[in-house]
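Chemist: Mind looking over this structure? Questions follow.
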Amino acid sequence: MTGSFGLIRRGRYVLGFGAIELILGLARLRLQAPASAPGGDPGGQLHGTLAQVAVALPADADVESRYDAAATWSGCPGKAGTAGWEDPLVAIRFRTATDARTVAAHADAALTSLGWAPVPDEKDMVWSRAAANSSGPATARLSSNGGAAAPAGLRAGGSWTLTASAAVPGPHRSAAC
């Protein structure tokens with residue numbers, strides 16, 4: 001009896017590993033561009049440039065969320081002509097007790113030291129820079145989540161979002177599924 005139980009248990013493990021391999025294989029098919037598709041971010045160099053914006057966070061930043069997405073190839077199953085690249089993106093939402101002017105000054109100094117240049121914007125602090133493997137300049141944006149109408153206490157620190165993105169060369173995904 002013990003022998004057959006061991007075979008059943010071993011069979012479940014083999015079946016479980018097979019299912020995991022199938023899932024991983026399907027995920028690779030979805031995330032890998034066809035060999036004939038130009039563009040993307042080979043080696044993740046562009047995504048690495050975008051990830052460096054984290055140096056702009058103030059020392060007391062409490063990171064609430066971080067979204068790091070490399071360039072991915074995707075399309076809508078069953079919908080022809082929708083496949084293409086989705087651009088890399090880094091988005092960091094954080095809280096700080098540091099006043100807004102100091103947050104902005106620190107971000108400007110940190111990003112400028114990495115080669116980012118300020119870009120005029122009416123609402124947010126924005127920087128851009130040339131980036132290898134990009135079809136245009138990379139952009140970094142620091143936004144207060146409190147907005148202009150926020151209470152004074154929120155403006156004197158509060159919640160912020162720092163994003164960085166850049167367009168990869170090659171065809172882009174043309175539609176939302």
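Ligands are numbered from 1 in the order shown, chains are lettered A, B, ... in the order of the structure tokens, and residues start at 1 in each chain.
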Near Ser128 (chain A), within 10 Å and counting only C-alpha atoms, which residues show up once chain neighbours fewer than 2 positions away are dropped, as a PyMOL selection string?
Modeler: chain A and resi 111-112+115-119+126+130-131+136-141+164-166
Chemist: Residues as selected, C-alpha atoms, written as an mmCIF file, in the first residue's frame, can you do that?
Modeler:
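Here's the written file selection_31.cif:
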data_model
loop_
_atom_site.group_PDB
_atom_site.id
_atom_site.type_symbol
_atom_site.label_atom_id
_atom_site.label_comp_id
_atom_site.auth_asym_id
_atom_site.auth_seq_id
_atom_site.Cartn_x
_atom_site.Cartn_y
_atom_site.Cartn_z
ATOM 1 C CA LEU A 111 18.654 63.971 -12.155
ATOM 2 C CA THR A 112 20.775 66.789 -13.602
ATOM 3 C CA GLY A 115 22.468 63.967 -17.554
ATOM 4 C CA TRP A 116 18.749 64.762 -17.425
ATOM 5 C CA ALA A 117 17.821 68.311 -18.491
ATOM 6 C CA PRO A 118 14.848 70.281 -17.105
ATOM 7 C CA VAL A 119 11.913 70.774 -19.463
ATOM 8 C CA VAL A 126 9.912 67.347 -15.969
ATOM 9 C CA ALA A 130 18.780 61.220 -24.881
ATOM 10 C CA ALA A 131 18.748 57.493 -24.233
ATOM 11 C CA GLY A 136 13.007 59.680 -28.802
ATOM 12 C CA PRO A 137 14.094 61.305 -25.570
ATOM 13 C CA ALA A 138 13.452 59.631 -22.240
ATOM 14 C CA THR A 139 11.211 61.647 -19.911
ATOM 15 C CA ALA A 140 11.121 61.826 -16.111
ATOM 16 C CA ARG A 141 8.233 63.508 -14.291
ATOM 17 C CA ALA A 164 10.243 57.722 -16.198
ATOM 18 C CA SER A 165 9.442 56.452 -19.664
ATOM 19 C CA ALA A 166 10.795 56.323 -23.189
#
Chemist: Let me make sure I understand: among A:His106, A:Arg101, A:His47, A:Arg95, which one has the smallest atom-to-atom distance to Ala167 (chain A) if we use only C-alpha atoms?
Modeler: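 Using only C-alpha atoms, the shortest distance to Ala167 (chain A) belongs to A:His47.
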Chemist: Between A:Ser135, A:Trp160, A:Ser113, A:Pro171, which residue has the minimum interatomic distance to Gln52 (chain A), considering only C-alpha atoms?
Modeler: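 Nearest to Gln52 (chain A): A:Ser113.
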Chemist: As a ChimeraX atom specification, please: every residue in region 20-175 of chain A that DSSP puts in helix (DSSP H, G or I).
Modeler: /A:20-31,42-56,100-113,152-155
Chemist: Give me, please, the distance in Å between CA of Val55 (chain A) and CA of Ser159 (chain A), quoted to one decimal.
Modeler: 16.9 Å
Chemist: Using only C-alpha atoms, which residue out of A:Leu46, A:Ala71, A:Leu162, A:Val63 lies closest to Asn145 (chain A)?
Modeler: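 Closest to Asn145 (chain A) of all the choices is A:Leu162.
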Chemist: Running DSSP on the backbone, which parts of region 18-170 of chain A land in strand (DSSP E), as a PyMOL selection string?
Modeler: chain A and resi 62-69+72-74+84-86+89-96+117-119+125-129+138-144+158-165
Chemist: Using only C-alpha atoms, which of A:Pro42, A:Pro58, A:Gly75, A:Pro169 sits nearest Ser134 (chain A)?
Modeler: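 Comparing A:Pro42, A:Pro58, A:Gly75, A:Pro169 against Ser134 (chain A), the winner is A:Pro169.
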Chemist: When distances are computed from only C-alpha atoms, which of A:Gly146, A:Pro88, A:Pro120, A:Gly81 shows the smallest separation from Cys177 (chain A)?
Modeler: A:Gly81
Chemist: Just want the 6 Å neighbourhood of region 89-92 of chain A, counted on only C-alpha atoms, with same-chain residues fewer than 4 positions away dropped. Output as a list in words.
Modeler: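 So the residues in contact are Ser65, Arg66, Tyr67, Asp68, Ala69, Thr161, Leu162, Thr163, Ala164 and Ser165 of chain A.
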Chemist: For the selection just defined, write its residues with all heavy atoms to a file, as a compact mmCIF listing (two decimals), in the first residue's frame.
Modeler:
# COMPACT_ATOMS: atom_id res chain seq x y z
N SER A 65 4.64 52.36 -3.49
CA SER A 65 4.57 51.39 -4.58
C SER A 65 5.64 51.72 -5.61
O SER A 65 6.05 52.86 -5.75
CB SER A 65 3.18 51.40 -5.23
OG SER A 65 2.94 52.64 -5.86
N ARG A 66 6.05 50.67 -6.29
CA ARG A 66 7.03 50.84 -7.37
C ARG A 66 6.63 49.90 -8.49
O ARG A 66 6.40 48.71 -8.26
CB ARG A 66 8.44 50.51 -6.89
CG ARG A 66 9.46 50.70 -8.00
CD ARG A 66 10.88 50.42 -7.54
NE ARG A 66 11.77 50.55 -8.67
CZ ARG A 66 12.82 51.36 -8.70
NH1 ARG A 66 13.11 52.09 -7.67
NH2 ARG A 66 13.58 51.41 -9.77
N TYR A 67 6.53 50.45 -9.68
CA TYR A 67 6.19 49.68 -10.87
C TYR A 67 7.36 49.76 -11.81
O TYR A 67 7.77 50.85 -12.21
CB TYR A 67 4.92 50.26 -11.50
CG TYR A 67 4.49 49.55 -12.77
CD1 TYR A 67 3.83 48.34 -12.71
CD2 TYR A 67 4.74 50.12 -14.01
CE1 TYR A 67 3.43 47.69 -13.87
CE2 TYR A 67 4.34 49.48 -15.17
CZ TYR A 67 3.69 48.27 -15.09
OH TYR A 67 3.30 47.63 -16.24
N ASP A 68 7.95 48.64 -12.13
CA ASP A 68 9.10 48.55 -13.02
C ASP A 68 8.72 47.64 -14.18
O ASP A 68 8.58 46.44 -13.98
CB ASP A 68 10.29 47.91 -12.29
CG ASP A 68 11.35 48.89 -11.92
OD1 ASP A 68 11.78 49.64 -12.80
OD2 ASP A 68 11.75 48.89 -10.74
N ALA A 69 8.56 48.17 -15.35
CA ALA A 69 8.18 47.35 -16.50
C ALA A 69 9.18 47.54 -17.62
O ALA A 69 9.40 48.66 -18.09
CB ALA A 69 6.78 47.71 -16.98
N THR A 161 4.58 61.22 -6.99
CA THR A 161 4.84 60.16 -7.96
C THR A 161 5.97 60.60 -8.87
O THR A 161 5.96 61.72 -9.39
CB THR A 161 3.58 59.85 -8.81
OG1 THR A 161 2.53 59.43 -7.94
CG2 THR A 161 3.87 58.73 -9.80
N LEU A 162 6.94 59.72 -9.04
CA LEU A 162 8.05 59.94 -9.95
C LEU A 162 7.95 58.88 -11.03
O LEU A 162 7.89 57.69 -10.73
CB LEU A 162 9.39 59.81 -9.19
CG LEU A 162 10.66 59.91 -10.03
CD1 LEU A 162 10.79 61.29 -10.67
CD2 LEU A 162 11.88 59.59 -9.17
N THR A 163 7.87 59.31 -12.29
CA THR A 163 7.79 58.37 -13.40
C THR A 163 8.90 58.63 -14.39
O THR A 163 9.41 59.76 -14.50
CB THR A 163 6.44 58.47 -14.15
OG1 THR A 163 6.29 59.79 -14.66
CG2 THR A 163 5.27 58.12 -13.26
N ALA A 164 9.28 57.59 -15.11
CA ALA A 164 10.24 57.72 -16.20
C ALA A 164 9.81 56.78 -17.31
O ALA A 164 9.44 55.63 -17.04
CB ALA A 164 11.65 57.38 -15.71
N SER A 165 9.86 57.27 -18.53
CA SER A 165 9.44 56.45 -19.66
C SER A 165 10.20 56.89 -20.91
O SER A 165 10.77 57.97 -20.96
CB SER A 165 7.93 56.58 -19.90
OG SER A 165 7.61 57.92 -20.20
Chemist: Pick out the closest residue to Ala37 (chain A) from this set: A:Ala70, A:Ala61, A:Ala83, A:Ala105. Count only C-alpha atoms.
Modeler: A:Ala83
Chemist: What does the structure give for the distance between CA of His172 (chain A) and CA of Trp127 (chain A), in Å to one decimal?
Modeler: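 Computed distance, CA of His172 (chain A) to CA of Trp127 (chain A), equals 23.6 Å.
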